[in-house]
file upload11.cif (mmCIF, C-alpha atoms)
data_upload
#
loop_
_atom_site.label_atom_id
_atom_site.label_comp_id
_atom_site.auth_asym_id
_atom_site.auth_seq_id
_atom_site.Cartn_x
_atom_site.Cartn_y
_atom_site.Cartn_z
CA MET A 1 28.91 -5.70 -16.11
CA LYS A 2 28.31 -2.30 -17.74
CA LYS A 3 27.47 0.52 -15.36
CA GLY A 4 25.55 2.61 -17.86
CA ARG A 5 25.69 4.34 -21.23
CA VAL A 6 27.17 7.83 -21.47
CA LEU A 7 27.00 10.45 -24.23
CA ILE A 8 29.88 12.98 -24.26
CA ALA A 9 29.56 16.21 -26.26
CA GLU A 10 33.02 17.90 -26.32
CA ASP A 11 34.56 19.77 -29.26
CA GLU A 12 38.15 19.34 -28.02
CA LYS A 13 39.27 15.95 -29.37
CA THR A 14 42.02 15.35 -26.77
CA GLN A 15 39.70 16.07 -23.85
CA ARG A 16 36.90 13.98 -25.36
CA GLU A 17 39.15 10.95 -25.93
CA LEU A 18 40.58 11.24 -22.41
CA LEU A 19 37.10 11.16 -20.90
CA GLU A 20 35.99 8.33 -23.19
CA GLY A 21 38.99 6.18 -22.25
CA PHE A 22 38.60 6.80 -18.52
CA LEU A 23 34.89 6.04 -18.44
CA ARG A 24 35.27 2.88 -20.54
CA LYS A 25 37.96 1.69 -18.14
CA GLU A 26 35.48 2.27 -15.27
CA GLY A 27 32.88 0.05 -16.94
CA PHE A 28 30.72 2.54 -18.87
CA GLU A 29 29.61 2.34 -22.50
CA VAL A 30 30.59 5.65 -24.11
CA ASP A 31 29.74 7.53 -27.31
CA GLY A 32 31.57 10.78 -28.01
CA VAL A 33 30.53 13.61 -30.37
CA GLU A 34 32.02 17.01 -31.03
CA SER A 35 28.92 19.23 -31.21
CA GLY A 36 25.51 19.85 -29.68
CA ARG A 37 23.74 19.01 -32.93
CA GLU A 38 25.49 15.64 -33.12
CA ALA A 39 24.51 14.99 -29.48
CA LEU A 40 20.83 15.60 -30.26
CA GLN A 41 21.06 13.30 -33.27
CA ARG A 42 22.60 10.49 -31.16
CA LEU A 43 19.86 10.90 -28.56
CA ARG A 44 17.25 10.36 -31.27
CA GLU A 45 18.94 7.09 -32.24
CA ASN A 46 20.00 5.58 -28.89
CA PHE A 47 19.19 5.42 -25.19
CA TYR A 48 21.65 6.96 -22.71
CA ASP A 49 21.79 6.96 -18.92
CA ILE A 50 23.82 10.21 -18.65
CA ALA A 51 24.88 13.06 -20.93
CA LEU A 52 28.13 14.97 -20.29
CA ILE A 53 27.95 18.29 -22.19
CA ASP A 54 30.64 20.93 -22.69
CA TYR A 55 29.42 24.48 -21.99
CA LYS A 56 31.30 26.13 -24.89
CA MET A 57 30.81 24.50 -28.31
CA PRO A 58 30.46 25.90 -31.87
CA GLU A 59 27.05 26.32 -33.58
CA LEU A 60 24.93 25.04 -30.67
CA ASP A 61 26.50 25.82 -27.31
CA GLY A 62 26.12 23.74 -24.16
CA LEU A 63 23.28 25.79 -22.69
CA GLN A 64 21.27 25.65 -25.92
CA THR A 65 21.92 21.91 -26.17
CA LEU A 66 20.84 21.47 -22.54
CA ARG A 67 17.58 23.33 -23.17
CA GLU A 68 16.79 21.13 -26.17
CA ILE A 69 17.66 17.92 -24.29
CA HIS A 70 15.48 19.00 -21.37
CA ARG A 71 12.60 19.72 -23.77
CA LEU A 72 12.87 16.44 -25.69
CA TYR A 73 14.19 14.11 -22.97
CA PRO A 74 13.25 15.68 -19.61
CA GLU A 75 14.29 12.60 -17.60
CA LEU A 76 17.83 12.34 -18.99
CA PRO A 77 20.43 13.40 -16.37
CA VAL A 78 22.83 16.03 -17.79
CA VAL A 79 26.17 17.10 -16.28
CA MET A 80 27.76 20.30 -17.63
CA MET A 81 31.51 20.94 -17.92
CA THR A 82 33.40 24.11 -18.83
CA ALA A 83 36.70 25.91 -18.57
CA TYR A 84 34.71 29.03 -17.78
CA GLY A 85 33.60 28.06 -14.29
CA THR A 86 31.78 31.11 -13.04
CA VAL A 87 28.82 31.34 -10.70
CA GLU A 88 26.69 32.75 -13.52
CA THR A 89 27.27 29.80 -15.87
CA ALA A 90 26.66 27.30 -13.05
CA VAL A 91 23.38 28.98 -12.07
CA ALA A 92 22.27 29.17 -15.70
CA SER A 93 22.98 25.46 -16.22
CA MET A 94 21.14 24.42 -13.06
CA LYS A 95 18.14 26.57 -13.99
CA GLU A 96 17.93 24.81 -17.34
CA GLY A 97 17.86 21.39 -15.64
CA ALA A 98 21.49 20.27 -15.32
CA LEU A 99 22.00 17.91 -12.37
CA ASP A 100 25.58 18.94 -11.72
CA TYR A 101 28.46 21.08 -12.94
CA LEU A 102 32.22 20.42 -13.40
CA THR A 103 35.06 22.81 -14.23
CA LYS A 104 38.06 22.00 -16.40
CA PRO A 105 40.53 20.49 -15.98
CA ILE A 106 38.14 17.70 -15.02
CA ASP A 107 38.84 15.91 -11.76
CA LEU A 108 38.23 12.32 -12.89
CA ASP A 109 37.56 11.04 -9.36
CA GLU A 110 34.95 13.77 -8.88
CA LEU A 111 33.44 12.93 -12.27
CA LEU A 112 33.16 9.25 -11.31
CA LEU A 113 31.56 10.15 -7.97
CA ILE A 114 28.98 12.37 -9.70
CA PHE A 115 28.17 9.66 -12.25
CA GLU A 116 27.66 7.04 -9.52
CA LYS A 117 25.29 9.39 -7.66
CA VAL A 118 23.39 10.17 -10.86
CA LEU A 119 23.01 6.49 -11.72
CA GLU A 120 21.83 5.68 -8.20
CA ARG A 121 19.29 8.49 -8.41
CA SER A 122 18.08 7.24 -11.81
CA ARG A 123 17.80 3.71 -10.45
CA LEU A 124 15.70 4.87 -7.50
CA ILE A 125 13.45 6.95 -9.78
CA HIS A 126 13.00 3.97 -12.08
CA GLU A 127 12.20 1.62 -9.18
CA ASN A 128 9.77 4.18 -7.76
CA LYS A 129 7.95 4.39 -11.09
CA ILE A 130 7.71 0.62 -11.28
CA LEU A 131 6.41 0.47 -7.70
CA LYS A 132 3.80 3.15 -8.39
CA ALA A 133 2.70 1.34 -11.53
CA GLN A 134 2.41 -1.91 -9.59
CA LEU A 135 0.41 -0.21 -6.83
CA LYS A 136 -1.89 1.42 -9.35
CA GLU A 137 -2.42 -1.92 -11.09
CA ARG A 138 -2.96 -3.68 -7.76
CA TYR A 139 -5.65 -1.28 -6.64
CA MET A 140 -7.49 -0.98 -9.94
CA PHE A 141 -11.18 -1.76 -9.60
CA LYS A 142 -10.82 -5.00 -11.55
CA HIS A 143 -8.61 -6.40 -8.78
CA ILE A 144 -11.18 -5.89 -6.02
CA ILE A 145 -12.93 -9.24 -5.61
CA TYR A 146 -16.73 -9.09 -5.46
CA GLN A 147 -19.88 -10.15 -7.27
CA SER A 148 -22.66 -9.15 -4.87
CA PRO A 149 -25.11 -6.35 -5.76
CA LYS A 150 -24.22 -4.54 -2.51
CA MET A 151 -20.54 -4.33 -3.40
CA GLU A 152 -21.47 -3.40 -6.96
CA GLU A 153 -23.20 -0.33 -5.53
CA VAL A 154 -20.12 0.49 -3.43
CA MET A 155 -17.77 0.26 -6.40
CA ASN A 156 -20.07 2.37 -8.57
CA LEU A 157 -19.94 5.07 -5.91
CA VAL A 158 -16.14 4.77 -5.67
CA GLY A 159 -15.90 5.26 -9.43
CA ARG A 160 -17.93 8.47 -9.26
CA VAL A 161 -16.08 9.82 -6.22
CA ALA A 162 -12.48 9.11 -7.29
CA PRO A 163 -12.04 11.93 -9.88
CA SER A 164 -13.12 14.61 -7.39
CA SER A 165 -11.20 16.26 -4.54
CA SER A 166 -14.03 15.86 -2.03
CA THR A 167 -13.45 14.48 1.45
CA VAL A 168 -14.62 10.87 1.80
CA LEU A 169 -15.70 9.00 4.94
CA ILE A 170 -15.50 5.21 4.59
CA ARG A 171 -17.51 3.29 7.15
CA GLY A 172 -17.78 -0.37 7.97
CA GLU A 173 -16.85 -3.07 10.47
CA SER A 174 -13.25 -4.10 11.02
CA GLY A 175 -11.93 -6.29 8.23
CA THR A 176 -14.42 -5.22 5.56
CA GLY A 177 -11.76 -3.61 3.36
CA LYS A 178 -11.91 0.11 4.15
CA GLU A 179 -8.23 0.65 3.37
CA LEU A 180 -8.59 -1.24 0.09
CA ILE A 181 -11.39 1.13 -0.96
CA ALA A 182 -9.26 4.15 0.06
CA ASN A 183 -6.45 2.82 -2.13
CA ALA A 184 -8.85 2.37 -5.04
CA ILE A 185 -10.09 5.96 -4.72
CA HIS A 186 -6.56 7.42 -4.64
CA TYR A 187 -5.15 5.39 -7.55
CA ALA A 188 -8.20 6.11 -9.72
CA SER A 189 -7.93 9.86 -9.02
CA PRO A 190 -5.92 12.63 -10.74
CA ARG A 191 -3.66 12.48 -7.66
CA ALA A 192 -2.51 8.92 -8.42
CA GLU A 193 1.09 10.03 -9.09
CA LYS A 194 1.18 12.09 -5.88
CA PRO A 195 1.92 10.69 -2.40
CA PHE A 196 -0.59 8.45 -0.66
CA VAL A 197 0.04 8.73 3.09
CA LYS A 198 -1.66 6.42 5.59
CA VAL A 199 -2.09 7.10 9.31
CA SER A 200 -3.72 4.75 11.81
CA CYS A 201 -5.15 7.07 14.47
CA SER A 202 -5.61 4.20 16.92
CA ALA A 203 -2.11 2.72 16.53
CA ILE A 204 -0.19 5.86 17.56
CA PRO A 205 -0.26 7.09 21.19
CA GLU A 206 -2.28 10.28 21.63
CA THR A 207 0.79 12.15 22.90
CA LEU A 208 2.63 11.42 19.64
CA LEU A 209 -0.23 11.59 17.15
CA GLU A 210 -0.28 15.40 16.90
CA SER A 211 3.41 15.46 16.00
CA GLU A 212 2.86 12.57 13.57
CA LEU A 213 0.10 14.43 11.75
CA PHE A 214 1.38 18.02 11.80
CA GLY A 215 5.13 17.71 12.48
CA HIS A 216 7.19 19.65 15.01
CA GLU A 217 10.11 22.05 15.29
CA LYS A 218 13.34 21.32 17.09
CA GLY A 219 12.84 21.86 20.83
CA ALA A 220 9.04 21.85 20.61
CA PHE A 221 8.95 19.32 23.44
CA THR A 222 11.29 17.06 25.39
CA GLY A 223 12.99 14.73 22.94
CA ALA A 224 12.35 16.89 19.85
CA ILE A 225 16.02 17.05 18.84
CA GLN A 226 15.32 18.05 15.24
CA ARG A 227 12.54 19.26 12.98
CA ARG A 228 10.08 16.62 11.82
CA ILE A 229 7.83 16.88 8.76
CA GLY A 230 4.26 15.78 9.56
CA ARG A 231 2.10 13.44 7.50
CA PHE A 232 -0.08 16.26 6.14
CA GLU A 233 3.01 18.05 4.87
CA GLU A 234 4.33 14.77 3.47
CA ALA A 235 1.07 14.16 1.62
CA SER A 236 1.49 17.52 -0.14
CA GLU A 237 -0.97 17.55 -3.09
CA GLY A 238 -1.69 13.84 -2.79
CA THR A 239 -4.04 11.97 -0.45
CA ILE A 240 -3.92 11.34 3.29
CA PHE A 241 -5.85 8.37 4.67
CA LEU A 242 -6.87 8.72 8.32
CA ASP A 243 -7.89 5.27 9.53
CA GLU A 244 -9.95 4.90 12.74
CA ILE A 245 -10.80 8.61 12.75
CA GLY A 246 -13.26 8.01 15.58
CA GLU A 247 -10.32 7.52 17.97
CA LEU A 248 -9.09 11.14 17.72
CA SER A 249 -8.97 13.10 20.97
CA PRO A 250 -11.09 16.30 21.27
CA ALA A 251 -7.95 18.49 20.91
CA LEU A 252 -6.89 16.78 17.68
CA GLN A 253 -10.44 16.92 16.37
CA VAL A 254 -10.24 20.73 16.60
CA LYS A 255 -6.96 20.82 14.67
CA LEU A 256 -8.27 18.48 12.00
CA LEU A 257 -11.37 20.67 11.67
CA ARG A 258 -9.12 23.65 10.96
CA ILE A 259 -7.40 21.80 8.12
CA LEU A 260 -10.75 20.82 6.63
CA GLN A 261 -12.10 24.37 6.90
CA GLU A 262 -9.05 26.56 6.25
CA LYS A 263 -6.68 24.15 4.48
CA GLU A 264 -3.87 25.19 6.84
CA PHE A 265 -1.99 24.01 9.93
CA GLN A 266 1.10 24.68 12.05
CA ARG A 267 3.89 22.41 13.19
CA LEU A 268 4.20 21.96 16.95
CA GLY A 269 6.41 24.73 18.33
CA SER A 270 6.01 26.96 15.26
CA ASN A 271 4.00 30.10 14.50
CA VAL A 272 4.39 29.61 10.74
CA THR A 273 1.13 28.68 9.02
CA LEU A 274 1.46 26.01 6.32
CA LYS A 275 -1.03 25.23 3.58
CA SER A 276 -2.41 21.74 3.01
CA GLU A 277 -3.64 20.71 -0.43
CA ALA A 278 -3.99 17.04 0.50
CA ARG A 279 -7.26 15.25 -0.07
CA ILE A 280 -8.59 13.62 3.10
CA ILE A 281 -10.06 10.12 3.13
CA ALA A 282 -11.14 9.00 6.60
CA ALA A 283 -12.37 5.63 7.83
CA THR A 284 -14.00 4.33 10.98
CA ASN A 285 -15.72 1.26 12.38
CA ARG A 286 -17.33 3.32 15.14
CA ASN A 287 -20.86 4.69 15.23
CA LEU A 288 -20.02 8.39 14.94
CA GLU A 289 -23.62 9.47 15.42
CA GLU A 290 -23.69 7.70 18.78
CA ALA A 291 -20.29 9.21 19.65
CA MET A 292 -21.67 12.69 18.90
CA LYS A 293 -24.61 12.13 21.24
CA LYS A 294 -22.17 11.21 24.01
CA GLY A 295 -20.04 14.27 23.29
CA LYS A 296 -17.04 12.20 22.18
CA PHE A 297 -17.01 13.38 18.55
CA ARG A 298 -17.52 16.93 17.32
CA GLU A 299 -20.64 17.49 15.27
CA ASP A 300 -18.98 20.13 13.05
CA LEU A 301 -16.08 17.77 12.29
CA TYR A 302 -18.50 14.96 11.48
CA TYR A 303 -20.27 17.04 8.84
CA ARG A 304 -16.95 18.21 7.38
CA LEU A 305 -15.76 14.62 7.05
CA ASN A 306 -19.08 13.18 5.91
CA VAL A 307 -19.18 14.99 2.55
CA ILE A 308 -19.33 11.68 0.74
CA SER A 309 -20.03 8.59 2.82
CA ILE A 310 -19.24 5.07 1.63
CA MET A 311 -20.66 2.25 3.72
CA ILE A 312 -19.03 -1.15 3.17
CA PRO A 313 -21.42 -3.98 4.11
CA PRO A 314 -20.13 -6.81 6.34
CA LEU A 315 -19.33 -10.11 4.66
CA ARG A 316 -22.32 -11.85 6.28
CA GLU A 317 -24.61 -9.49 4.30
CA ARG A 318 -22.96 -10.29 0.98
CA LYS A 319 -22.55 -14.04 0.95
CA GLU A 320 -22.24 -13.97 -2.85
CA ASP A 321 -18.72 -12.58 -2.42
CA ILE A 322 -17.49 -15.52 -0.31
CA PRO A 323 -16.89 -18.07 -3.17
CA PRO A 324 -14.74 -15.76 -5.35
CA LEU A 325 -12.86 -14.56 -2.26
CA ILE A 326 -12.17 -18.16 -1.22
CA ASP A 327 -10.79 -18.96 -4.68
CA HIS A 328 -8.70 -15.77 -4.71
CA PHE A 329 -7.11 -16.41 -1.30
CA LEU A 330 -6.64 -20.11 -2.07
CA LYS A 331 -4.61 -19.26 -5.17
CA LYS A 332 -2.70 -16.50 -3.39
CA TYR A 333 -1.56 -18.56 -0.40
CA SER A 334 -0.92 -21.72 -2.39
CA GLN A 335 1.58 -19.73 -4.46
CA LEU A 336 3.09 -17.96 -1.44
CA ASN A 337 3.59 -21.24 0.41
CA GLN A 338 4.63 -23.15 -2.73
CA LYS A 339 1.92 -25.74 -2.22
CA ASN A 340 -0.32 -27.43 -4.76
CA VAL A 341 -3.61 -26.87 -2.91
CA SER A 342 -6.21 -26.56 -5.64
CA ASN A 343 -9.66 -26.80 -4.04
CA LEU A 344 -11.85 -27.42 -0.98
CA SER A 345 -14.06 -30.37 -0.21
CA GLN A 346 -17.79 -29.77 -0.48
CA GLU A 347 -18.17 -30.01 3.30
CA ALA A 348 -15.35 -27.48 3.92
CA ARG A 349 -16.77 -25.06 1.37
CA MET A 350 -20.24 -25.33 2.94
CA LEU A 351 -18.81 -24.62 6.40
CA LEU A 352 -17.19 -21.48 5.03
CA LEU A 353 -20.39 -20.41 3.29
CA ARG A 354 -22.57 -20.76 6.40
CA TYR A 355 -20.16 -19.01 8.79
CA SER A 356 -21.05 -15.45 9.86
CA TYR A 357 -17.48 -13.94 9.79
CA PRO A 358 -17.42 -11.44 12.66
CA GLY A 359 -13.93 -10.51 11.40
CA ASN A 360 -15.21 -10.10 7.82
CA VAL A 361 -12.91 -10.48 4.78
CA ARG A 362 -9.78 -10.31 6.90
CA GLU A 363 -10.97 -13.30 8.93
CA LEU A 364 -11.81 -15.28 5.78
CA GLU A 365 -8.33 -14.57 4.41
CA ASN A 366 -6.71 -15.75 7.65
CA ILE A 367 -8.82 -18.93 7.64
CA ILE A 368 -7.78 -19.80 4.07
CA GLU A 369 -4.11 -19.03 4.77
CA ARG A 370 -4.20 -21.32 7.82
CA ALA A 371 -5.97 -24.07 5.88
CA VAL A 372 -3.44 -23.96 3.04
CA VAL A 373 -0.54 -24.21 5.51
CA LEU A 374 -2.11 -27.16 7.39
CA CYS A 375 -3.44 -29.01 4.35
CA ARG A 376 -1.53 -32.24 3.66
CA GLY A 377 -2.94 -32.89 0.21
CA GLU A 378 -4.38 -30.96 -2.70
CA ILE A 379 -7.87 -30.55 -1.21
CA ILE A 380 -8.71 -28.59 1.95
CA THR A 381 -11.06 -30.56 4.21
CA THR A 382 -12.99 -29.66 7.35
CA GLN A 383 -10.05 -30.95 9.42
CA ASP A 384 -7.93 -28.09 8.04
CA LEU A 385 -10.44 -25.46 9.18
CA PRO A 386 -10.54 -23.84 12.65
CA PHE A 387 -12.55 -25.58 15.36
CA HIS A 388 -15.00 -22.73 15.89
CA LEU A 389 -16.32 -23.00 12.32
CA GLN A 390 -17.59 -26.50 13.05
CA ASP A 391 -19.56 -25.26 16.07
CA GLU A 392 -21.22 -22.28 14.35
CA LYS A 393 -24.80 -21.67 15.52
CA SER A 394 -26.72 -22.05 12.28
CA GLU A 395 -28.45 -24.77 10.34
CA LYS A 396 -26.50 -27.99 10.23
CA LEU A 397 -24.17 -28.80 7.40
CA TRP A 398 -26.02 -31.85 6.10
CA GLU A 399 -29.33 -30.03 6.22
CA SER A 400 -27.84 -27.25 4.12
CA LEU A 401 -26.68 -29.91 1.66
CA GLY A 402 -30.27 -31.18 1.57
CA LYS A 403 -29.33 -34.80 2.33
CA PRO A 404 -31.76 -37.02 4.34
CA LYS A 405 -30.25 -38.51 7.49
CA THR A 406 -30.59 -42.07 8.77
CA LEU A 407 -30.89 -42.81 12.49
CA PRO A 408 -27.17 -43.72 12.82
CA GLU A 409 -26.24 -40.50 11.00
CA SER A 410 -28.46 -38.46 13.32
CA LEU A 411 -26.97 -40.14 16.40
CA GLU A 412 -23.44 -39.53 15.13
CA GLU A 413 -24.26 -35.87 14.47
CA LEU A 414 -25.72 -35.50 17.97
CA GLU A 415 -22.64 -37.19 19.47
CA LYS A 416 -20.33 -34.92 17.51
CA ASP A 417 -22.24 -31.80 18.61
CA LEU A 418 -22.06 -32.86 22.26
CA ILE A 419 -18.31 -33.46 22.01
CA LEU A 420 -17.79 -30.07 20.34
CA LYS A 421 -19.84 -28.33 23.03
CA ALA A 422 -17.96 -30.06 25.85
CA LEU A 423 -14.59 -29.13 24.35
CA ARG A 424 -15.70 -25.52 23.90
CA ASP A 425 -17.09 -25.32 27.45
CA HIS A 426 -13.80 -26.62 28.87
CA ARG A 427 -11.58 -24.63 26.49
CA GLY A 428 -10.15 -27.73 24.84
CA VAL A 429 -9.07 -29.49 28.05
CA GLN A 430 -9.82 -33.09 27.03
CA THR A 431 -9.73 -34.57 30.55
CA LYS A 432 -12.47 -32.23 31.79
CA ALA A 433 -14.48 -32.56 28.56
CA ALA A 434 -14.42 -36.38 28.83
CA GLU A 435 -15.46 -36.21 32.48
CA SER A 436 -18.45 -33.98 31.70
CA LEU A 437 -19.51 -36.39 28.92
CA GLY A 438 -19.20 -39.43 31.20
CA ILE A 439 -16.58 -41.15 29.02
CA SER A 440 -12.88 -41.82 29.38
CA GLU A 441 -10.26 -39.54 27.86
CA ARG A 442 -9.14 -42.45 25.60
CA VAL A 443 -12.67 -42.82 24.22
CA LEU A 444 -12.90 -39.06 23.70
CA ARG A 445 -9.69 -39.06 21.66
CA TYR A 446 -11.04 -41.94 19.57
CA LYS A 447 -14.29 -40.06 18.90
CA MET A 448 -12.43 -36.85 18.02
CA LYS A 449 -10.33 -38.76 15.50
CA LYS A 450 -13.43 -40.47 14.11
CA TYR A 451 -15.24 -37.19 13.51
CA GLY A 452 -12.19 -35.22 12.44
CA ILE A 453 -12.43 -32.85 15.39
CA ARG A 454 -9.39 -30.70 16.10
CA PHE A 455 -9.06 -28.35 19.01
#

call {"tool": "encode", "arguments": {"input": "upload11.cif", "output": "C-alpha cells"}}
result
Amino acid sequence: MKKGRVLIAEDEKTQRELLEGFLRKEGFEVDGVESGREALQRLRENFYDIALIDYKMPELDGLQTLREIHRLYPELPVVMMTAYGTVETAVASMKEGALDYLTKPIDLDELLLIFEKVLERSRLIHENKILKAQLKERYMFKHIIYQSPKMEEVMNLVGRVAPSSSTVLIRGESGTGKELIANAIHYASPRAEKPFVKVSCSAIPETLLESELFGHEKGAFTGAIQRRIGRFEEASEGTIFLDEIGELSPALQVKLLRILQEKEFQRLGSNVTLKSEARIIAATNRNLEEAMKKGKFREDLYYRLNVISIMIPPLRERKEDIPPLIDHFLKKYSQLNQKNVSNLSQEARMLLLRYSYPGNVRELENIIERAVVLCRGEIITTQDLPFHLQDEKSEKLWESLGKPKTLPESLEELEKDLILKALRDHRGVQTKAAESLGISERVLRYKMKKYGIRF
C-alpha cells in the first residue's frame, strides 16, 4: 500500500536519485525534477501529498519556488532542504509556509519521521474537512423536519438571524430541538468554518463551570496542576452555545455579562485580560421573566442575551409535524438496527397523533426507537408502543377514527380502560390490579393478552 506521492525538486542528480530510491523503498510514489520551474509544471499536472524542495537551485531558487507553491497550492505541505543550514534560511522558509526544514547531508531516518508526521497531519486536516462538511450538510435547513406554520415561522427567523453576529436566545420546553436550531444558525452563518463550542450549564457542577467557561492558570486552585484553556477561548471567532443558561449562578451571571458588554474575560488565577470574539447563542427552558422577579436572574443579563429571541413551540402545538417526524425516525432507526420496519398500523399512528408529548420531539424519537427495536414484523402496532400512550387522557381512539361502536365493542373498550387504570394505579403489579378488579390474576393475564396490553 502506497504511503503517499512525493515531488522532489533537487538539481544535484546523485542526491535526487538517492532520495527517490529511499522513499520508493519506504512505500512512497516519487517524481523527481531538477528545477523549481519543472516542479511547478508537475504540480499543474499531478496531485502530490508532499513536496521536498532544495533551497539552492538555478533559475528559480527554493524560496521563490516555495512562494509560488504556497500561492497556487496553499494546502500542499512543503519541506525545505539545503546545504546552507543557517538560522536565517530556516526562518525565511518557515515564514513563506514551509512545514519543516532539513540540512544536508540528509538524515534519511529524520526525513522519514518528518514525512510520516506531515502525512498524519494532512490526514487529520482532510478528515476534519470531511467532518465539517458532513456537519454543515446535517444541519442545513432542509434537514430539519417540519411542515407546520409555527415551525415555518421559526425557520424563517433562523434564516434572517444566521448571517448576523447578534446574540440569540433560544427558548422552549425540553426536547423541542433548541440545540438543533443553534446548530442551524451556526452552520448557516459566516462563522461556519470556525469552532462551534457547546456547554451545558446544568450538566457541570457550579464549582467547575467557571473554569470550564473561562479557563484557569496553573495553581489557581487546588488541583489546577496546569493551565487550562476555557470554552470561550476555544470558541475563538466561532460560536459558543450556552445551553440551560437559566441555571447560571449569580457570580457567573456577572462574568457572562462582562463578556457580552466588554467582549473580554480573564482566566481564573490570572490578571491578563483576554478578548472574546465568539458569538453567543444561549438556550433555556426556564421562564426567565419569572426568575428575574424572584431575583434569581439578572435583569441586565437578560436584556443582553435577549437581543434576538427564538421561541420553539412544543410538539403538542404543532401536530402537523408529528407525521413527517414519525416517518423520519422510523427510517433512521430501522437502518440503525438493520430491521425492515416500514410502517405503523393505523391504530398505532392514531395513538401517536393524539398523544400530548410532554417530552416533545425527543420523546417521540425515543418512542419510535423503542417500537422499532420491539417490533417483530414489518409494521409497528399498538403492542410495540409504551403503555402510557394507551391510557392518554383524550378522546378515544375509535372515536377519533370516526367508527360507530356496537354494544360489545363499547363493553370491551370499557373493560380495557378499567384494566389499564387498575394496572396504572398499582404500578403494573398484576396481583393487586386483579384483586382491585375482582378477578383472578389468570383472568387478568388472559384479558391483557386479548387486548394487547403490555405493562

call {"tool": "axis_aligned_box", "arguments": {"input": "upload11.cif", "around": "stretch 345-362 of chain A", "padding_each_side": "5 Å", "output": "lines of an AutoDock Vina configuration file"}}
result
center_x = -16.2
center_y = -20.2
center_z = 6.1
size_x = 22.8
size_y = 30.3
size_z = 23.1

call {"tool": "resolve_selection", "arguments": {"input": "upload11.cif", "expression": "the PyMOL selection byres ((chain A and resi 326-340) around 7)", "output": "list in words"}}
result
Ile322, Pro323, Pro324, Leu325, Val341, Ser342, Glu365, Ile368, Glu369, Val372 and Glu378 of chain A

call {"tool": "residues_near_point", "arguments": {"input": "upload11.cif", "point": "(17.3, 9.1, -16.1)", "cutoff": "8 Å", "atoms": "all atoms listed in the file", "output": "compact mmCIF listing (two decimals) with C-alpha atoms, keeping the file's coordinate frame"}}
result
# COMPACT_ATOMS: atom_id res chain seq x y z
CA ASP A 49 21.79 6.96 -18.92
CA ILE A 50 23.82 10.21 -18.65
CA GLU A 75 14.29 12.60 -17.60
CA LEU A 76 17.83 12.34 -18.99
CA PRO A 77 20.43 13.40 -16.37
CA LEU A 119 23.01 6.49 -11.72
CA ARG A 121 19.29 8.49 -8.41
CA SER A 122 18.08 7.24 -11.81
CA ARG A 123 17.80 3.71 -10.45
CA ILE A 125 13.45 6.95 -9.78
CA HIS A 126 13.00 3.97 -12.08

call {"tool": "residues_around", "arguments": {"input": "upload11.cif", "residues": "A:Ala434", "least_positions_apart": "2", "cutoff": "10 Å", "atoms": "only C-alpha atoms", "output": "ChimeraX atom specification"}}
result
/A:419,422-423,426,429-432,436-445

call {"tool": "residues_near_point", "arguments": {"input": "upload11.cif", "point": "(-2.2, 9.6, 20.1)", "cutoff": "12 Å", "atoms": "only C-alpha atoms", "output": "PyMOL selection string"}}
result
chain A and resi 199-213+244-245+247-253

call {"tool": "resolve_selection", "arguments": {"input": "upload11.cif", "expression": "the PyMOL selection byres ((chain A and resi 112) around 12)", "output": "list of chain:residue names"}}
result
A:Lys3, A:Val6, A:Leu19, A:Phe22, A:Leu23, A:Arg24, A:Lys25, A:Glu26, A:Gly27, A:Phe28, A:Ile50, A:Leu52, A:Val79, A:Leu102, A:Ile106, A:Asp107, A:Leu108, A:Asp109, A:Glu110, A:Leu111, A:Leu113, A:Ile114, A:Phe115, A:Glu116, A:Lys117, A:Val118, A:Leu119

call {"tool": "closest_residue", "arguments": {"input": "upload11.cif", "among": "A:Glu96, A:Lys56, A:Ala83, A:Phe387", "to": "A:Ile69", "atoms": "all atoms listed in the file"}}
result
A:Glu96
